[in-house]
Each structure stands twice: as structure tokens, then as C-alpha cells.
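Pasted below: model-v8.txt, compact mmCIF, C-alpha atoms.
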```
# COMPACT_ATOMS: atom_id res chain seq x y z
CA MET A 494 256.99 238.47 115.12
CA SER A 495 256.19 242.13 114.47
CA ASN A 496 252.84 243.66 115.36
CA VAL A 497 252.03 243.87 111.64
CA SER A 498 252.76 240.19 111.00
CA LYS A 499 250.85 239.22 114.15
CA ALA A 500 247.85 241.16 112.90
CA SER A 501 248.10 239.55 109.49
CA ALA A 502 248.26 236.06 111.00
CA ALA A 503 245.24 236.79 113.20
CA ARG A 504 243.13 237.53 110.14
CA ILE A 505 243.57 234.03 108.72
CA SER A 506 240.53 231.94 109.53
CA ARG A 507 240.78 228.67 111.39
CA ARG A 508 239.17 227.09 108.36
CA ALA A 509 242.03 228.21 106.13
CA GLN A 510 244.65 227.19 108.67
CA ASP A 511 243.19 223.72 109.07
CA VAL A 512 242.82 222.84 105.40
CA ALA A 513 245.48 220.37 104.27
CA PRO A 514 247.54 220.82 101.12
CA PHE A 515 246.50 218.98 97.98
CA TYR A 516 249.66 216.93 97.58
CA ALA A 517 248.98 215.98 93.95
CA MET A 518 249.22 219.67 93.11
CA GLU A 519 252.33 220.03 95.28
CA PHE A 520 254.10 217.25 93.36
CA ALA A 521 252.89 218.80 90.11
CA LYS A 522 254.55 222.07 91.19
CA GLN A 523 257.80 220.24 91.89
CA ALA A 524 257.57 218.50 88.52
CA ALA A 525 257.02 221.85 86.79
CA ALA A 526 260.05 223.29 88.57
CA LEU A 527 262.22 220.40 87.37
CA ALA A 528 260.91 220.84 83.84
CA ALA A 529 261.73 224.55 84.00
CA GLN A 530 265.31 223.56 84.82
CA GLY A 531 265.44 221.57 81.58
CA HIS A 532 264.63 218.08 82.86
CA ASP A 533 262.30 215.81 80.92
CA VAL A 534 259.63 214.93 83.50
CA VAL A 535 256.94 212.33 82.86
CA LYS A 536 253.85 213.70 84.62
CA LEU A 537 251.61 210.93 85.93
CA SER A 538 250.39 212.78 89.00
CA LEU A 539 247.28 214.68 87.85
CA GLY A 540 243.98 213.41 86.49
CA GLU A 541 243.99 215.61 83.44
CA PRO A 542 243.14 213.92 80.11
CA ASP A 543 245.67 214.77 77.42
CA PHE A 544 243.04 214.80 74.66
CA GLY A 545 241.40 218.16 75.35
CA ALA A 546 237.80 218.99 74.49
CA PRO A 547 236.16 217.33 71.45
CA PRO A 548 236.74 219.28 68.21
CA ALA A 549 233.09 220.37 67.92
CA VAL A 550 233.26 221.86 71.41
CA ARG A 551 236.40 223.83 70.58
CA ASP A 552 234.70 225.10 67.43
CA ALA A 553 231.64 226.10 69.43
CA MET A 554 233.80 228.06 71.88
CA ARG A 555 235.47 229.97 69.04
CA GLU A 556 232.04 230.80 67.64
CA ALA A 557 230.76 231.90 71.04
CA MET A 558 233.73 234.22 71.45
CA ASP A 559 233.01 236.20 68.29
CA GLY A 560 232.57 239.45 70.19
CA ARG A 561 228.93 239.06 71.19
CA PRO A 562 228.06 240.16 74.75
CA MET A 563 228.63 237.39 77.27
CA THR A 564 226.14 238.20 79.99
CA TYR A 565 225.35 236.08 83.03
CA THR A 566 223.16 233.06 82.58
CA ALA A 567 220.59 232.05 85.19
CA ALA A 568 222.25 230.90 88.40
CA LEU A 569 221.14 227.33 87.74
CA GLY A 570 222.64 227.40 84.27
CA LEU A 571 221.75 227.83 80.62
CA PRO A 572 218.29 226.23 80.15
CA ALA A 573 219.33 224.54 76.90
CA LEU A 574 222.37 222.97 78.59
CA ARG A 575 220.30 221.73 81.53
CA GLU A 576 217.94 220.09 79.05
CA GLU A 577 220.83 218.43 77.21
CA ILE A 578 222.27 217.05 80.45
CA ALA A 579 218.85 215.66 81.41
CA ARG A 580 218.48 214.09 77.97
CA PHE A 581 221.95 212.53 78.34
CA TYR A 582 220.83 210.74 81.50
CA GLY A 583 217.81 209.37 79.68
CA GLU A 584 219.58 208.25 76.52
CA ARG A 585 222.76 206.93 78.09
CA HIS A 586 221.69 205.74 81.52
CA GLY A 587 217.96 205.13 81.12
CA VAL A 588 217.07 207.57 83.92
CA GLU A 589 214.40 210.22 83.51
CA VAL A 590 215.66 213.49 85.00
CA ASP A 591 213.66 216.70 85.06
CA PRO A 592 215.90 219.49 83.68
CA ALA A 593 214.64 221.65 86.56
CA ARG A 594 216.69 219.44 88.91
CA VAL A 595 219.93 219.99 86.96
CA VAL A 596 222.27 222.70 88.25
CA VAL A 597 225.17 223.78 86.03
CA THR A 598 228.22 224.76 88.08
CA ALA A 599 231.75 226.10 87.80
CA GLY A 600 233.26 222.61 87.81
CA ALA A 601 232.32 219.65 89.97
CA SER A 602 234.04 221.37 92.90
CA ALA A 603 231.46 224.16 92.81
CA ALA A 604 228.72 221.54 92.64
CA LEU A 605 230.14 219.97 95.79
CA VAL A 606 230.31 223.37 97.50
CA LEU A 607 226.66 224.09 96.69
CA ALA A 608 225.45 220.64 97.71
CA THR A 609 227.42 220.72 100.94
CA ALA A 610 226.22 224.23 101.79
CA ALA A 611 222.64 223.09 101.24
CA LEU A 612 222.93 219.88 103.28
CA VAL A 613 225.50 220.29 106.07
CA ASP A 614 225.17 221.97 109.45
CA PRO A 615 228.10 222.33 111.86
CA GLY A 616 228.57 219.18 113.90
CA ASP A 617 226.93 216.84 111.39
CA GLU A 618 228.81 213.61 110.90
CA VAL A 619 229.52 212.57 107.31
CA LEU A 620 230.88 209.15 106.33
CA ILE A 621 233.48 209.04 103.54
CA ALA A 622 235.69 206.20 102.35
CA ASP A 623 239.40 206.09 103.15
CA PRO A 624 241.06 206.39 100.66
CA SER A 625 239.09 209.06 98.79
CA TYR A 626 239.55 212.31 96.88
CA PRO A 627 240.88 214.84 99.42
CA CYS A 628 238.98 217.91 98.26
CA ASN A 629 235.64 216.22 98.94
CA ARG A 630 236.31 215.88 102.65
CA GLN A 631 238.06 219.26 102.86
CA ILE A 632 235.01 221.03 101.46
CA VAL A 633 232.61 219.14 103.72
CA GLU A 634 234.76 219.93 106.77
CA SER A 635 234.92 223.61 105.81
CA PHE A 636 231.15 223.79 106.36
CA GLY A 637 231.58 222.43 109.88
CA ALA A 638 230.95 218.72 109.31
CA ASP A 639 232.79 216.09 111.29
CA VAL A 640 234.11 213.69 108.66
CA THR A 641 234.55 210.07 109.65
CA LEU A 642 236.96 208.39 107.26
CA VAL A 643 235.87 204.76 107.03
CA PRO A 644 238.85 202.45 106.38
CA THR A 645 238.37 200.28 103.31
CA THR A 646 240.33 197.35 101.93
CA ALA A 647 240.96 195.55 98.68
CA ALA A 648 238.15 193.15 99.65
CA SER A 649 235.62 196.00 99.32
CA ARG A 650 237.42 197.42 96.26
CA PHE A 651 238.59 200.31 98.49
CA GLN A 652 234.98 201.49 98.56
CA LEU A 653 232.26 201.96 101.15
CA ASP A 654 229.69 199.21 101.37
CA ALA A 655 226.50 198.83 103.37
CA ALA A 656 228.25 196.82 106.09
CA SER A 657 230.99 199.40 106.69
CA VAL A 658 228.47 202.25 106.69
CA ARG A 659 226.28 200.40 109.19
CA SER A 660 229.22 199.66 111.48
CA HIS A 661 230.35 203.30 111.55
CA TRP A 662 226.89 204.86 111.88
CA THR A 663 226.24 207.02 114.94
CA ASP A 664 223.41 209.19 116.21
CA ARG A 665 225.16 212.19 114.61
CA THR A 666 225.47 210.71 111.12
CA ARG A 667 223.62 212.95 108.68
CA GLY A 668 225.11 211.99 105.33
CA VAL A 669 227.19 209.56 103.28
CA MET A 670 229.48 210.56 100.43
CA VAL A 671 230.44 208.01 97.78
CA ALA A 672 232.61 208.36 94.68
CA THR A 673 232.14 205.71 92.02
CA PRO A 674 234.38 205.20 90.12
CA SER A 675 236.78 206.49 92.72
CA ASN A 676 239.77 208.76 92.75
CA PRO A 677 242.43 207.48 93.69
CA THR A 678 241.67 203.80 93.08
CA GLY A 679 239.69 203.86 89.83
CA THR A 680 237.33 201.26 91.32
CA SER A 681 233.53 201.31 91.30
CA VAL A 682 230.97 200.28 93.88
CA PRO A 683 229.02 197.27 92.51
CA ALA A 684 225.50 198.38 91.61
CA ASP A 685 223.72 196.14 94.13
CA GLU A 686 226.07 197.29 96.90
CA LEU A 687 225.54 200.97 96.09
CA ALA A 688 221.78 200.43 96.07
CA ALA A 689 221.97 198.75 99.50
CA LEU A 690 224.17 201.52 100.86
CA CYS A 691 221.81 204.22 99.62
CA ASP A 692 218.79 202.34 101.00
CA LEU A 693 220.44 202.11 104.40
CA ALA A 694 221.20 205.84 104.55
CA ARG A 695 217.77 206.84 103.22
CA GLU A 696 215.98 204.65 105.77
CA ARG A 697 217.92 206.42 108.52
CA GLY A 698 217.04 209.88 107.21
CA ALA A 699 220.51 210.74 105.91
CA TRP A 700 221.40 212.33 102.62
CA ARG A 701 223.40 210.51 99.95
CA LEU A 702 225.89 212.40 97.80
CA VAL A 703 227.36 210.40 94.93
CA ASP A 704 230.35 211.73 93.00
CA GLU A 705 229.98 210.36 89.46
CA ILE A 706 232.51 212.50 87.62
CA TYR A 707 234.19 209.34 86.25
CA LEU A 708 230.98 207.39 85.67
CA ASP A 709 231.05 207.59 81.88
CA LEU A 710 234.66 206.41 81.78
CA GLY A 711 233.60 203.20 83.55
CA ASP A 712 233.79 199.84 81.80
CA HIS A 713 230.71 198.69 79.91
CA ASP A 714 229.16 195.35 80.79
CA GLU A 715 229.11 192.22 78.64
CA ARG A 716 226.09 193.58 76.77
CA GLY A 717 227.85 196.86 76.02
CA ARG A 718 225.84 198.90 78.52
CA PRO A 719 227.49 201.77 80.42
CA PRO A 720 227.51 201.81 84.23
CA ALA A 721 224.25 202.90 85.84
CA SER A 722 223.92 206.22 87.60
CA ALA A 723 223.03 206.13 91.29
CA LEU A 724 219.84 207.91 90.24
CA SER A 725 218.69 204.59 88.78
CA TYR A 726 218.08 203.21 92.27
CA ASP A 727 218.08 206.34 94.42
CA PRO A 728 216.21 209.15 92.63
CA ASP A 729 216.62 211.44 95.65
CA ALA A 730 220.39 211.15 95.87
CA VAL A 731 222.47 214.23 95.08
CA VAL A 732 224.65 213.34 92.12
CA ILE A 733 227.68 215.35 91.01
CA ASN A 734 229.29 215.20 87.59
CA SER A 735 231.67 217.20 85.42
CA PHE A 736 232.68 218.04 81.88
CA SER A 737 236.32 217.63 82.92
CA LYS A 738 236.90 213.88 82.63
CA TYR A 739 234.72 212.10 80.07
CA PHE A 740 234.54 215.22 77.90
CA GLY A 741 238.20 216.16 78.52
CA MET A 742 237.45 219.77 79.57
CA THR A 743 239.49 220.13 82.76
CA GLY A 744 240.42 223.79 82.33
CA TRP A 745 236.95 224.87 81.27
CA ARG A 746 235.68 224.62 84.86
CA LEU A 747 232.22 223.34 84.10
CA GLY A 748 230.23 220.71 85.94
CA TRP A 749 226.75 219.95 87.19
CA CYS A 750 224.73 218.32 89.90
CA VAL A 751 221.30 216.73 89.98
CA VAL A 752 219.45 217.48 93.19
CA PRO A 753 216.04 216.45 94.59
CA GLU A 754 213.27 218.86 93.64
CA PRO A 755 212.81 220.26 97.19
CA LEU A 756 216.49 221.21 97.29
CA VAL A 757 216.44 223.25 94.06
CA PRO A 758 215.36 226.62 95.56
CA ALA A 759 218.01 226.44 98.28
CA VAL A 760 220.74 225.53 95.80
CA GLU A 761 219.60 228.32 93.48
CA ARG A 762 219.88 230.92 96.28
CA LEU A 763 223.32 229.63 97.20
CA ALA A 764 224.46 229.68 93.57
CA GLN A 765 223.24 233.26 93.16
CA ASN A 766 225.28 234.35 96.15
CA TYR A 767 228.39 232.20 95.75
CA PHE A 768 228.98 232.14 91.99
CA LEU A 769 226.26 234.09 90.11
CA CYS A 770 226.64 231.48 87.38
CA ALA A 771 229.11 229.21 85.63
CA SER A 772 231.14 230.55 82.69
CA THR A 773 228.71 231.69 79.99
CA PRO A 774 230.90 230.89 76.94
CA ALA A 775 231.85 227.51 78.39
CA GLN A 776 228.16 226.69 78.87
CA HIS A 777 227.34 227.62 75.26
CA ALA A 778 230.26 225.58 73.96
CA ALA A 779 229.33 222.58 76.13
CA LEU A 780 226.09 222.18 74.19
CA ALA A 781 228.27 220.63 71.48
CA CYS A 782 229.31 217.85 73.88
CA PHE A 783 226.03 216.08 73.31
CA THR A 784 226.12 215.85 69.52
CA PRO A 785 226.57 212.36 68.03
CA GLU A 786 229.95 213.51 66.70
CA SER A 787 231.29 214.55 70.10
CA LEU A 788 229.90 211.52 71.91
CA ALA A 789 231.58 209.24 69.37
CA VAL A 790 234.89 211.02 70.01
CA CYS A 791 234.48 210.62 73.77
CA GLU A 792 233.61 206.94 73.45
CA ALA A 793 236.72 206.32 71.34
CA ARG A 794 238.77 208.03 74.02
CA ARG A 795 237.16 205.90 76.74
CA VAL A 796 238.25 202.81 74.84
CA GLU A 797 241.75 204.21 74.53
CA PHE A 798 241.89 204.81 78.28
CA GLY A 799 241.16 201.10 78.67
CA GLU A 800 244.12 200.29 76.44
CA ARG A 801 246.33 202.61 78.46
CA ARG A 802 245.15 200.95 81.66
CA ALA A 803 246.17 197.55 80.33
CA LEU A 804 249.58 198.96 79.39
CA VAL A 805 250.08 200.34 82.89
CA LEU A 806 248.84 197.25 84.74
CA ASP A 807 251.12 195.02 82.68
CA GLY A 808 254.06 197.37 83.19
CA LEU A 809 253.61 197.71 86.95
CA ALA A 810 253.33 193.94 87.35
CA ARG A 811 256.50 193.48 85.31
CA ILE A 812 258.55 195.82 87.53
CA GLY A 813 257.19 194.48 90.82
CA LEU A 814 254.63 197.08 91.88
CA PRO A 815 251.40 195.24 92.75
CA VAL A 816 247.94 196.71 92.16
CA PRO A 817 245.62 195.16 94.78
CA VAL A 818 242.42 195.99 92.86
CA PRO A 819 242.54 196.65 89.11
CA PRO A 820 240.48 199.74 88.25
CA ASP A 821 237.31 199.52 86.20
CA GLY A 822 236.83 203.23 85.58
CA ALA A 823 238.42 206.67 85.88
CA PHE A 824 242.09 206.71 84.83
CA TYR A 825 243.96 205.87 88.01
CA VAL A 826 245.92 202.92 89.32
CA TYR A 827 246.56 202.63 93.05
CA PHE A 828 249.65 200.50 93.62
CA ASP A 829 251.27 199.12 96.75
CA VAL A 830 254.85 200.16 97.58
CA ARG A 831 255.35 198.21 100.79
CA GLY A 832 257.68 195.79 99.03
CA THR A 833 260.10 198.60 98.19
CA GLY A 834 260.95 199.39 101.81
CA LEU A 835 259.88 203.00 101.23
CA THR A 836 256.85 204.91 102.39
CA SER A 837 254.61 206.24 99.65
CA TRP A 838 255.95 209.73 100.26
CA GLN A 839 259.56 208.58 100.04
CA PHE A 840 258.78 206.59 96.91
CA CYS A 841 257.17 209.59 95.18
CA GLU A 842 259.92 211.98 96.23
CA ARG A 843 262.67 209.68 95.00
CA ALA A 844 260.82 208.71 91.82
CA LEU A 845 260.52 212.40 90.97
CA ARG A 846 264.06 213.30 91.95
CA GLU A 847 265.86 210.25 90.55
CA ALA A 848 263.63 209.03 87.71
CA HIS A 849 261.83 212.28 86.87
CA VAL A 850 258.42 210.63 87.11
CA ALA A 851 255.70 212.56 88.96
CA LEU A 852 253.24 210.47 91.01
CA THR A 853 250.95 211.14 93.99
CA PRO A 854 251.49 209.65 97.47
CA GLY A 855 248.68 208.00 99.40
CA ARG A 856 248.88 210.73 102.03
CA ASP A 857 246.59 212.81 99.81
CA PHE A 858 243.71 210.38 100.11
CA GLY A 859 243.34 209.66 103.82
CA THR A 860 245.21 207.85 106.57
CA HIS A 861 244.54 204.14 106.05
CA THR A 862 246.76 203.75 102.97
CA ALA A 863 248.71 206.99 103.41
CA GLU A 864 252.11 205.35 103.77
CA THR A 865 251.61 202.24 101.67
CA HIS A 866 250.05 203.19 98.33
CA VAL A 867 250.74 205.51 95.40
CA ARG A 868 248.39 206.81 92.72
CA LEU A 869 249.41 206.81 89.07
CA SER A 870 247.27 208.67 86.55
CA TYR A 871 247.09 207.12 83.09
CA ALA A 872 245.43 210.22 81.65
CA ALA A 873 248.81 210.82 79.96
CA SER A 874 249.68 209.62 76.45
CA ALA A 875 250.62 206.00 75.80
CA ASP A 876 254.15 207.09 74.93
CA ASP A 877 254.49 208.92 78.24
CA LEU A 878 253.12 205.93 80.10
CA ARG A 879 255.63 203.58 78.47
CA GLU A 880 258.45 205.95 79.28
CA GLY A 881 257.23 206.46 82.83
CA ILE A 882 257.02 202.69 83.47
CA ALA A 883 260.47 202.17 81.96
CA ARG A 884 261.94 204.82 84.24
CA LEU A 885 260.18 203.41 87.28
CA GLY A 886 261.56 199.98 86.38
CA LYS A 887 265.11 201.33 86.42
CA PHE A 888 264.37 203.15 89.68
CA MET A 889 263.03 199.92 91.20
CA ALA A 890 266.26 198.14 90.21
CA THR A 891 268.23 200.57 92.38
CA LEU A 892 266.15 199.60 95.42
CA ARG A 893 266.96 195.87 95.25
```
Written as C-alpha cells, how would this file's structure read?
Amino acid sequence: MSNVSKASAARISRRAQDVAPFYAMEFAKQAAALAAQGHDVVKLSLGEPDFGAPPAVRDAMREAMDGRPMTYTAALGLPALREEIARFYGERHGVEVDPARVVVTAGASAALVLATAALVDPGDEVLIADPSYPCNRQIVESFGADVTLVPTTAASRFQLDAASVRSHWTDRTRGVMVATPSNPTGTSVPADELAALCDLARERGAWRLVDEIYLDLGDHDERGRPPASALSYDPDAVVINSFSKYFGMTGWRLGWCVVPEPLVPAVERLAQNYFLCASTPAQHAALACFTPESLAVCEARRVEFGERRALVLDGLARIGLPVPVPPDGAFYVYFDVRGTGLTSWQFCERALREAHVALTPGRDFGTHTAETHVRLSYAASADDLREGIARLGKFMATLR
């Protein structure tokens, strides 16, 4: 290695060297490369709704971009948008939230960065489920936390519960991170279990961070009520959400978090220094998310996701790919490939190469199910899902 290349390598931080790839994005890159070569690839690897933003939101963005100056908003976000988000919690989830506790961010990832920066000191232990969304643990580790991945099983819906948190608790445990519904499994923590888990952590002086970016895609109960926010039973939890999933605005990079009142000044200082503010035009346009028209559109889409889920579950069962726990939210199915004789990585590589179907291997989501499970995203159209299942069925036939 030349002196120049040695010097360049030395400038890369240990943090950057240690961060693992996001394999879902890596498979998406491979799928894009195949498509560029002229292949018809069915992309079921990314959690990106195919609907796009509601029409009223797109109209609001066009209006906002009429040439008027787009100056920074306050670091915590546009006051009117913070008020709308707080009102949404009250009207939809029956939780009173002070708009002053709402922080608008550049996507849920920025919300996680701010929350982690405000809560984590180097050496703190944080408990996270295995499997779980990889970026959550990568961000927490980048601030010096020691992440303990707690193995979960189908019996616990691949989620943390109070018993598993208690059994993995140590003197260094400072926080617990939960995602409900979860990526990659699409499963939720039952309300009473989440309440018990939060109670346990609170009693031991630890923070609770609950990722709810798929909450409003969760199944409604028999009385037609949406899932409850963790704020219903833990008002001091830090809750993260996003405009990307329920509102279909993945590329708009807009999210939010609700933080306890004492944490607001610290988060505001961090936001001022890290991001200045979230996108001003996106914030103005997002006000249209909370109109009756847009909410009706989003609810119709939630129902359609349920229909797509049924299509996928039926199709996977038909071709011999078992789903240990059917999802009840998000738009993911986590299926078991042990019966194929392939690891999850081998399955995904061959499915992409031979069937031109892009999926995500379990390696992305931890170690416990890394080699045995594969995530399929049913955020794609019903036609793409039917085609993808048909291709996987033919691929499965070659393995027998």
C-alpha cells in the first residue's frame, strides 16, 4: 500500500469501519443492476410503499414550491405541523400529547439519531430484539452503546417481552429499544406485554425507546380501533414515527419523535447542530396528511396492504415456505427457508439470480435467525406479488 493510500485509510474512523452493510440495500443494488441489463426483476426487498404520497400532499408540495423563499424552520419543526401530529395522537390513539414534545425530523432515522445522542453514553448497555431492523442497532452502537441482541422466537412473536428483558438485564443496562410492529417480522408486541416491559425498564431507571413507524399500518381490533401507541401506557417513553410508511412518503425524508418534556431542550440543541431542521417544503406539504381526505386515502391503502398480506401468506404456504408468525402490521413477511437446504443468503442470491426476485436475507436483522429466515416486503403491487410468488414457486421446484 502506498503512503497516500495508507494515509487515506488511517483517516477512516473506527466507527465507519465497524458499521455493517445494510444488506437489503445491497440486494436492491444487485436487482437494479440486473434490471439495467434488461431483466424483469420483481423487487420485494425494500419496505417502500408503491402508492406514493396522498394526492393532497403532492398538491401541497407543488404549491409550496411556487418560488417562495424556503427558509429554515425552527429546529424542532414547523409549529403547525407539530400541532397536527399532536392532534393525530389524540384523535386516532386517544393520547393527549403536548405539541411542545413533538420533534419533526429528517426521517425516522434522524429521530433515532437525536434520541440516541440525547440518551446514550459510551459503555451503556441497550437491549434490542434479535431479529430487528439493523439501522437501529447500528446507530445506537455508533454513539458508543454496547448492544445486547436478545434472541426471540416464534413463541414471543419474534419480539421482546418482559421475561426476556428481565433475564438479560445487567447492572450496565440503561435502555430498551422496541419496534412494534417490527421490521423484519411485521409482528406487534401485545399491548399488555409492552406495558409490562416498559414498566420493568422504568422501575429500573432505564429509558424506553419505541419505534412505531408501522403503528398505523397495524390491524384494527374487533371493534375497529387502531393499535394503541406506547404513550398510552408509558407517557415518558421516547416514541419514533415517520411519514414514510403509513403516509407513503419514503423519499420525502420526514419523520418525528415524541420525547419527555425534560428531554426537549437537549434534543433541540442536538437538532440545531446536527440538522438545523427537516426539509421546509416537505414539512409544509405534510400538513395535508392530516386532512380527512388524506387520512381516508391512507386507511384504504392500509386495508389493501392487508389484502396483499393474505395473498402472500397463501402463496408462500402453497409453495412450501412456512411463515412461523403471520404479521399483524407493517408490510413484511418473515419466512423460514430451512426446508430448502439453503441458508437465507444462498436462497436470496439464487432467487435473485435464477428467478429474478429480490428478497432480503436474515443476516440483515441479527444473528439468531440470520441463516434460517428471509424477509419479503409486500409493499409492492398485487400484480408484482403474484408474479414474485409464481417465480419463487418455480424456483422451489428446482430445489426438490
For this session: Extract, using all atoms listed in the file, all DNA, RNA and protein residues at most 9 Å from range 786-799 of chain A, discarding same-chain residues fewer than 6 positions from it, and format them as a PyMOL selection string.
Result: chain A and resi 544+547-550+709-712+739-741+821-824+871-872
Exercise. Which protein, DNA or RNA residues are at most 7 Å from (233.7, 213.5, 104.1) in the file's coordinates when you count only C-alpha atoms, listed as a VMD selection string?
Worked result: chain A and resid 619 to 621 629 to 630 633 640 to 642 670
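Proximity of A:Thr663, A:Gln510, A:Thr833, A:Thr646 to Leu885 in chain A, computed with only C-alpha atoms, is greatest for A:Thr833.
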Problem set entry | Point-to-point distance from CA of Pro644 in chain A to CA of Leu852 in chain A, Å rounded to tenths | 22.5 Å
For this session: Show me as an NGL selection string the residues that reach within 9 Å of (251.4, 214.7, 94.7), counting all atoms listed in the file and using the file's own coordinates.
Result: :A and (515-523 or 538-539 or 838 or 841 or 851-857 or 868)
Exercise. Which one is closest to Ala509 in chain A: A:Met558, A:Ile632, A:Ala883, A:Val850? Count all atoms listed in the file.
Worked result: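 Closest residue, counting all atoms listed in the file: A:Ile632.
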For this session: With a distance cut-off of 6 Å and all atoms listed in the file, select the neighbouring residues of Phe828 in chain A, excluding the residue or stretch itself and same-chain residues fewer than 4 positions from it, and output the selection as a list in words.
Result: Pro815, Val816, His866 and Val867 of chain A
Problem set entry | Å distance separating CA of Ile706 in chain A from CA of Glu842 in chain A, one decimal place |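 CA of Glu842 in chain A lies 28.7 Å from CA of Ile706 in chain A.
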Using only C-alpha atoms, I'd like a table of the residues in range 518-582 of chain A that come within 10 Å of range 750-769 of chain A; for each, show the closest atom pair and its distance in Å rounded to one decimal, ordered by chain and ascending number, as CSV.
```
residue,atom,partner,partner_atom,distance
A:Tyr565,CA,A:Leu769,CA,7.4
A:Thr566,CA,A:Leu769,CA,8.2
A:Ala567,CA,A:Leu769,CA,7.8
A:Ala568,CA,A:Leu769,CA,5.4
A:Leu569,CA,A:Glu761,CA,6.0
A:Gly570,CA,A:Leu769,CA,9.6
A:Arg575,CA,A:Val751,CA,9.9
A:Ile578,CA,A:Val751,CA,9.6
A:Ala579,CA,A:Val751,CA,9.0
```
